[in-house]
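S.K.: Let me begin by handing over the structure; questions about it come next.
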Amino acid sequence: MSQSTTREERFAHGLEVLKRVDGEAGQRVVDSLADVNPELGHQIVAWAFGEIYDRPGLAPRDRQLVTLGMLTALGGCEPQLDVHVNAALNVGLTPEQIIEALTHSAVYCGIPKALNATFAAKKVFAERGLLPLGQ
């Protein structure tokens, strides 16, 4: 996206990317900010998705693996993990690949953070009818 685009154009582009990756979950996050911090919602759409997420250097599935690892490492990000586990599934990661990434994170982030992330993933898998895994 060119630097000369308008604020509205950047938002529209980011919204296309957000919908492609996060589906309705991302839109719900933005909507939930409308009455308290609409500017943060705008920046999530225009900057995080329109500018950063849509860069050509990594495929969407790879970006989601990085995002899952970072949210796990941060800890306390279970609502965001919910959105990004859904996004990871939307861009082609399998539940087994997501679980493998979260298991791998235990080495670097600690078992408690990996457990919390795994339970967030389990919730998403259950909502999408993907449990039990390995069948």
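Simple scheme: letters A, B, ... for chains in structure tokens order, numbers from 1 for residues in each chain, numbers from 1 for ligands in the order shown.
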Determine, counting only C-alpha atoms, which protein, DNA and RNA residues have an atom within 12 Å of an atom of A:Gln43; residues of the same chain fewer than 2 positions away are not included. Present the result as JSON, numbers by chain.
M.R.: {"A": [7, 8, 10, 11, 12, 14, 15, 18, 30, 33, 37, 38, 39, 40, 41, 45, 46, 47, 48, 49, 50, 51, 52]}
S.K.: Keeping N, CA and C atoms for every residue in the selection just given, could you write it to a file as a PDB file, in the first residue's frame?
M.R.:
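And here's again_12.pdb as it stands now:
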```pdb
ATOM      1  N   ARG A   7      -6.315   8.011   4.815  1.00  0.00           N
ATOM      2  CA  ARG A   7      -6.640   7.268   6.040  1.00  0.00           C
ATOM      3  C   ARG A   7      -7.765   6.274   5.774  1.00  0.00           C
ATOM      4  N   GLU A   8      -8.781   6.700   5.053  1.00  0.00           N
ATOM      5  CA  GLU A   8      -9.925   5.844   4.746  1.00  0.00           C
ATOM      6  C   GLU A   8      -9.521   4.676   3.849  1.00  0.00           C
ATOM      7  N   ARG A  10      -6.497   3.318   3.668  1.00  0.00           N
ATOM      8  CA  ARG A  10      -5.691   2.396   4.483  1.00  0.00           C
ATOM      9  C   ARG A  10      -6.595   1.530   5.351  1.00  0.00           C
ATOM     10  N   PHE A  11      -7.639   2.132   5.913  1.00  0.00           N
ATOM     11  CA  PHE A  11      -8.589   1.377   6.735  1.00  0.00           C
ATOM     12  C   PHE A  11      -9.330   0.348   5.883  1.00  0.00           C
ATOM     13  N   ALA A  12      -9.794   0.748   4.712  1.00  0.00           N
ATOM     14  CA  ALA A  12     -10.529  -0.176   3.837  1.00  0.00           C
ATOM     15  C   ALA A  12      -9.648  -1.357   3.439  1.00  0.00           C
ATOM     16  N   GLY A  14      -6.988  -2.492   5.110  1.00  0.00           N
ATOM     17  CA  GLY A  14      -6.774  -3.285   6.316  1.00  0.00           C
ATOM     18  C   GLY A  14      -7.982  -4.126   6.663  1.00  0.00           C
ATOM     19  N   LEU A  15      -9.164  -3.598   6.442  1.00  0.00           N
ATOM     20  CA  LEU A  15     -10.394  -4.339   6.732  1.00  0.00           C
ATOM     21  C   LEU A  15     -10.519  -5.561   5.825  1.00  0.00           C
ATOM     22  N   LEU A  18      -8.060  -8.048   7.306  1.00  0.00           N
ATOM     23  CA  LEU A  18      -8.597  -8.542   8.576  1.00  0.00           C
ATOM     24  C   LEU A  18      -9.689  -9.579   8.338  1.00  0.00           C
ATOM     25  N   VAL A  30     -12.715  -5.041  16.806  1.00  0.00           N
ATOM     26  CA  VAL A  30     -12.776  -3.638  16.398  1.00  0.00           C
ATOM     27  C   VAL A  30     -14.093  -3.021  16.863  1.00  0.00           C
ATOM     28  N   LEU A  33     -14.368  -1.898  20.454  1.00  0.00           N
ATOM     29  CA  LEU A  33     -13.619  -0.693  20.809  1.00  0.00           C
ATOM     30  C   LEU A  33     -14.347   0.591  20.422  1.00  0.00           C
ATOM     31  N   ASN A  37     -12.485   3.273  22.489  1.00  0.00           N
ATOM     32  CA  ASN A  37     -11.226   3.674  21.865  1.00  0.00           C
ATOM     33  C   ASN A  37     -11.277   3.364  20.369  1.00  0.00           C
ATOM     34  N   PRO A  38     -12.111   4.085  19.626  1.00  0.00           N
ATOM     35  CA  PRO A  38     -12.220   3.799  18.195  1.00  0.00           C
ATOM     36  C   PRO A  38     -10.906   4.002  17.441  1.00  0.00           C
ATOM     37  N   GLU A  39     -10.050   4.871  17.939  1.00  0.00           N
ATOM     38  CA  GLU A  39      -8.761   5.080  17.265  1.00  0.00           C
ATOM     39  C   GLU A  39      -7.905   3.816  17.333  1.00  0.00           C
ATOM     40  N   LEU A  40      -7.920   3.124  18.474  1.00  0.00           N
ATOM     41  CA  LEU A  40      -7.173   1.868  18.566  1.00  0.00           C
ATOM     42  C   LEU A  40      -7.734   0.859  17.566  1.00  0.00           C
ATOM     43  N   GLY A  41      -9.047   0.778  17.456  1.00  0.00           N
ATOM     44  CA  GLY A  41      -9.663  -0.102  16.460  1.00  0.00           C
ATOM     45  C   GLY A  41      -9.216   0.259  15.059  1.00  0.00           C
ATOM     46  N   VAL A  45      -6.814  -2.103  12.426  1.00  0.00           N
ATOM     47  CA  VAL A  45      -7.208  -2.418  11.053  1.00  0.00           C
ATOM     48  C   VAL A  45      -6.225  -1.830  10.045  1.00  0.00           C
ATOM     49  N   ALA A  46      -6.032  -0.521  10.093  1.00  0.00           N
ATOM     50  CA  ALA A  46      -5.236   0.166   9.072  1.00  0.00           C
ATOM     51  C   ALA A  46      -3.754  -0.159   9.162  1.00  0.00           C
ATOM     52  N   TRP A  47      -3.208  -0.126  10.366  1.00  0.00           N
ATOM     53  CA  TRP A  47      -1.765  -0.321  10.512  1.00  0.00           C
ATOM     54  C   TRP A  47      -1.404  -1.795  10.679  1.00  0.00           C
ATOM     55  N   ALA A  48      -1.948  -2.429  11.736  1.00  0.00           N
ATOM     56  CA  ALA A  48      -1.524  -3.807  12.033  1.00  0.00           C
ATOM     57  C   ALA A  48      -1.855  -4.760  10.888  1.00  0.00           C
ATOM     58  N   PHE A  49      -3.060  -4.639  10.325  1.00  0.00           N
ATOM     59  CA  PHE A  49      -3.431  -5.558   9.242  1.00  0.00           C
ATOM     60  C   PHE A  49      -3.131  -4.989   7.868  1.00  0.00           C
ATOM     61  N   GLY A  50      -3.461  -3.735   7.624  1.00  0.00           N
ATOM     62  CA  GLY A  50      -3.252  -3.160   6.304  1.00  0.00           C
ATOM     63  C   GLY A  50      -1.803  -2.909   5.952  1.00  0.00           C
ATOM     64  N   GLU A  51      -0.995  -2.538   6.936  1.00  0.00           N
ATOM     65  CA  GLU A  51       0.401  -2.210   6.668  1.00  0.00           C
ATOM     66  C   GLU A  51       1.357  -3.360   7.028  1.00  0.00           C
ATOM     67  N   ILE A  52       1.232  -3.902   8.224  1.00  0.00           N
ATOM     68  CA  ILE A  52       2.196  -4.887   8.699  1.00  0.00           C
ATOM     69  C   ILE A  52       1.839  -6.308   8.251  1.00  0.00           C
TER      70      ILE A  52
END
```
S.K.: At most 9 Å is the cut-off: for each residue in stretch 8-34 of chain A with any atom that close to an atom of stretch 85-92 of chain A, write down the nearest atom pair and the distance in Å rounded to one decimal, counting only C-alpha atoms, chain first then increasing number, as JSON lines.
M.R.:
```
{"residue": "A:Arg20", "atom": "CA", "partner": "A:Asn90", "partner_atom": "CA", "distance": 8.1}
{"residue": "A:Val21", "atom": "CA", "partner": "A:Ala87", "partner_atom": "CA", "distance": 5.4}
{"residue": "A:Asp22", "atom": "CA", "partner": "A:Ala87", "partner_atom": "CA", "distance": 4.7}
{"residue": "A:Gly23", "atom": "CA", "partner": "A:Ala87", "partner_atom": "CA", "distance": 7.6}
{"residue": "A:Ala25", "atom": "CA", "partner": "A:Asn86", "partner_atom": "CA", "distance": 8.0}
{"residue": "A:Gly26", "atom": "CA", "partner": "A:Ala87", "partner_atom": "CA", "distance": 8.9}
```
S.K.: From a DSSP calculation on the backbone, collect every residue of stretch 15-68 of chain A in helix (DSSP H, G or I) and output the set as a PyMOL selection string.
M.R.: chain A and resi 15-22+24-32+38-53+60-68
S.K.: When you draw a straight line from atom CA of A:Ala101 to atom CA of A:Lys113, how long is it in Å?
M.R.: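 Interatomic distance, atom CA of A:Ala101 to atom CA of A:Lys113: 12.5 Å.
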S.K.: Could you check the closest approach to A:Ala114 for each of A:Val83, A:Leu130, A:Ile98, A:Val36 and tell me which residue wins, using only C-alpha atoms?
M.R.: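 Ranking A:Val83, A:Leu130, A:Ile98, A:Val36 by distance to A:Ala114, first place goes to A:Ile98.
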S.K.: From the list A:Arg61, A:Arg28, A:His84, A:Lys19, which residue is nearest A:Ala121 when using only C-alpha atoms?
M.R.: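 With only C-alpha atoms as the atom set, the closest residue is A:His84.
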S.K.: I'd like to know which of A:Ile111, A:Ala34, A:Arg55, A:Thr118 is closest to A:Cys77, using only C-alpha atoms.
M.R.: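 Once distances to A:Cys77 are computed over only C-alpha atoms, the minimum belongs to A:Thr118.
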S.K.: Just give me the gap between atom CA of A:Gly134 and atom CA of A:Pro95 in Å, one decimal is fine.
M.R.: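 Atom CA of A:Pro95 lies at a distance of 9.3 Å from atom CA of A:Gly134.
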S.K.: Taking only C-alpha atoms into account, name the residue in A:Val124, A:Pro79, A:Ser32, A:Gly69 that is nearest to A:Ser105.
M.R.: A:Gly69
S.K.: Which is closer to A:Leu102 than all the others in A:Leu133, A:Thr72, A:Val66, A:Pro60, using only C-alpha atoms?
M.R.: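 Ranking A:Leu133, A:Thr72, A:Val66, A:Pro60 by distance to A:Leu102, first place goes to A:Thr72.
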S.K.: Please indicate the distance in Å from atom CA of A:Asp62 to atom CA of A:Glu78, rounded to one decimal place.
M.R.: 19.8 Å
S.K.: A:Val17, A:Ile44, A:Leu131, A:Val107: which is nearest A:Val29, counting only C-alpha atoms?
M.R.: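 Using only C-alpha atoms, the shortest distance to A:Val29 belongs to A:Ile44.
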